[in-house]
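Data first, discussion second: the structure below is written as structure tokens.
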Amino acid sequence: MRREWELEDLIECWTLDEEEFALLANKSGATRLGFGLMLKFFELEARFPRREDVPRPAVEFMAGQVKVDAQLFAAYDWSGRTIKNHRAQIREFHGFREPTVGDEDKLADWLATKICPVEMSRDRLRGALLARLAAGARSCRSCPQGPVSGGR
């Protein structure tokens with residue numbers, strides 16, 4: 001995720017629509033801000049962020065939208081039941097589900113047969129796997145097993 005953002009890009013990538021705002025209806029303060037940021041980050045990256053992954057300009061832009069002080073982002077709880085519930089809500093909203101052992105088996109087979117024979121760099125193997133997860137998540141909404149989360 002890039003760190004520098006122009007206003008036009010913030011508007012395009014970090015603006016909440018009506019459906020997304022509806023998900024914030026019962027949230028306030030740091031929880032409201034953190035949820036909004038996780039929701040949009042997941043939409044952009046097909047994974048959940050760590051605190052340090054969220055760009056400061058996005059925090060400030062989102063804070064203005066949800067009418068919460070940007071400083072409250074530091075108080076968002078990144079462990080525990082609340083964030084687990086937030087992740088589940090976001091996965092459901094975007095039509096994702098947690099990966100299964102069968103999904104992992106398919107990925108391992110793909111890596112072994114298609115990627116490992118031609119690529120030896122660990123970093124490039126990881127990059128290929130993450131790209132496959134992200135692309136599969138975006139294009140596999142109609143697959144029988146459904147899309148999976150690439151943030152695991």
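In the structure tokens, each chain is lettered A, B, ... as it comes, each chain's residues begin at 1, and ligands are numbered from 1 in order of appearance.
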
(message) Going by DSSP on the backbone, which residues of chain A come out as helix (DSSP H, G or I)? List them as a ChimeraX atom specification.
(response) /A:7-14,18-23,29-45,51-53,56-66,70-75,81-94,101-115,122-139

Please, which residues in segment 42-116 of chain A fall within 7 Å of segment 18-31 of chain A when counting only C-alpha atoms, and what is the closest atom pair and distance in Å to one decimal for each, ordered by chain then residue number, as a Markdown table?
| residue | atom | partner | partner_atom | distance |
| --- | --- | --- | --- | --- |
| A:Val68 | CA | A:Gly29 | CA | 5.9 |
| A:Leu72 | CA | A:Ala30 | CA | 4.9 |
| A:Phe73 | CA | A:Ala30 | CA | 5.5 |
| A:Ala75 | CA | A:Ala30 | CA | 5.9 |
| A:Tyr76 | CA | A:Ala30 | CA | 5.1 |

Those selected residues, please, written with all heavy atoms and delivered as a short mmCIF file (atom, residue, chain, number, x, y, z; two decimals), in the first residue's frame.
data_model
loop_
_atom_site.label_atom_id
_atom_site.label_comp_id
_atom_site.auth_asym_id
_atom_site.auth_seq_id
_atom_site.Cartn_x
_atom_site.Cartn_y
_atom_site.Cartn_z
N VAL A 68 -15.11 11.48 12.99
CA VAL A 68 -14.39 11.02 14.17
C VAL A 68 -12.99 11.64 14.11
O VAL A 68 -12.42 11.74 13.02
CB VAL A 68 -14.30 9.47 14.18
CG1 VAL A 68 -13.37 8.97 15.26
CG2 VAL A 68 -15.67 8.84 14.33
N LEU A 72 -8.09 9.18 17.09
CA LEU A 72 -8.70 7.99 17.70
C LEU A 72 -8.28 6.69 17.02
O LEU A 72 -8.45 5.61 17.58
CB LEU A 72 -10.22 8.11 17.68
CG LEU A 72 -10.80 9.09 18.69
CD1 LEU A 72 -12.31 9.18 18.53
CD2 LEU A 72 -10.42 8.69 20.10
N PHE A 73 -7.69 6.80 15.82
CA PHE A 73 -7.22 5.59 15.15
C PHE A 73 -6.21 4.84 16.03
O PHE A 73 -6.18 3.61 16.04
CB PHE A 73 -6.60 5.93 13.80
CG PHE A 73 -6.13 4.73 13.03
CD1 PHE A 73 -7.02 3.76 12.62
CD2 PHE A 73 -4.78 4.58 12.71
CE1 PHE A 73 -6.59 2.64 11.91
CE2 PHE A 73 -4.35 3.48 11.99
CZ PHE A 73 -5.25 2.50 11.59
N ALA A 75 -6.40 4.35 19.06
CA ALA A 75 -7.12 3.61 20.09
C ALA A 75 -7.88 2.40 19.54
O ALA A 75 -8.48 1.65 20.31
CB ALA A 75 -8.10 4.54 20.79
N TYR A 76 -7.87 2.20 18.22
CA TYR A 76 -8.57 1.04 17.64
C TYR A 76 -7.92 -0.25 18.14
O TYR A 76 -6.69 -0.39 18.10
CB TYR A 76 -8.55 1.12 16.11
CG TYR A 76 -9.33 0.02 15.43
CD1 TYR A 76 -10.71 -0.03 15.54
CD2 TYR A 76 -8.69 -0.96 14.69
CE1 TYR A 76 -11.45 -1.04 14.92
CE2 TYR A 76 -9.42 -1.96 14.06
CZ TYR A 76 -10.79 -2.00 14.18
OH TYR A 76 -11.50 -3.00 13.57
#

(request) Using only C-alpha atoms, determine which residues lie at most 12 Å from Lys84 of chain A, disregarding the query and same-chain residues fewer than 6 positions distant; provide the list as JSON, numbers by chain. (result) {"A": [35, 38, 48, 77, 78, 90, 91]}

(request) Identify which of the residues A:Ala128, A:Ile83, A:Ala112, A:Val118 lies closest to Arg50 of chain A, counting only C-alpha atoms when measuring atom-to-atom distances. (result)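 Closest to Arg50 of chain A, using only C-alpha atoms: A:Ile83.
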
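We find atom CA of Gly64 of chain A and atom CA of Ala88 of chain A to be spaced 25.0 Å apart.
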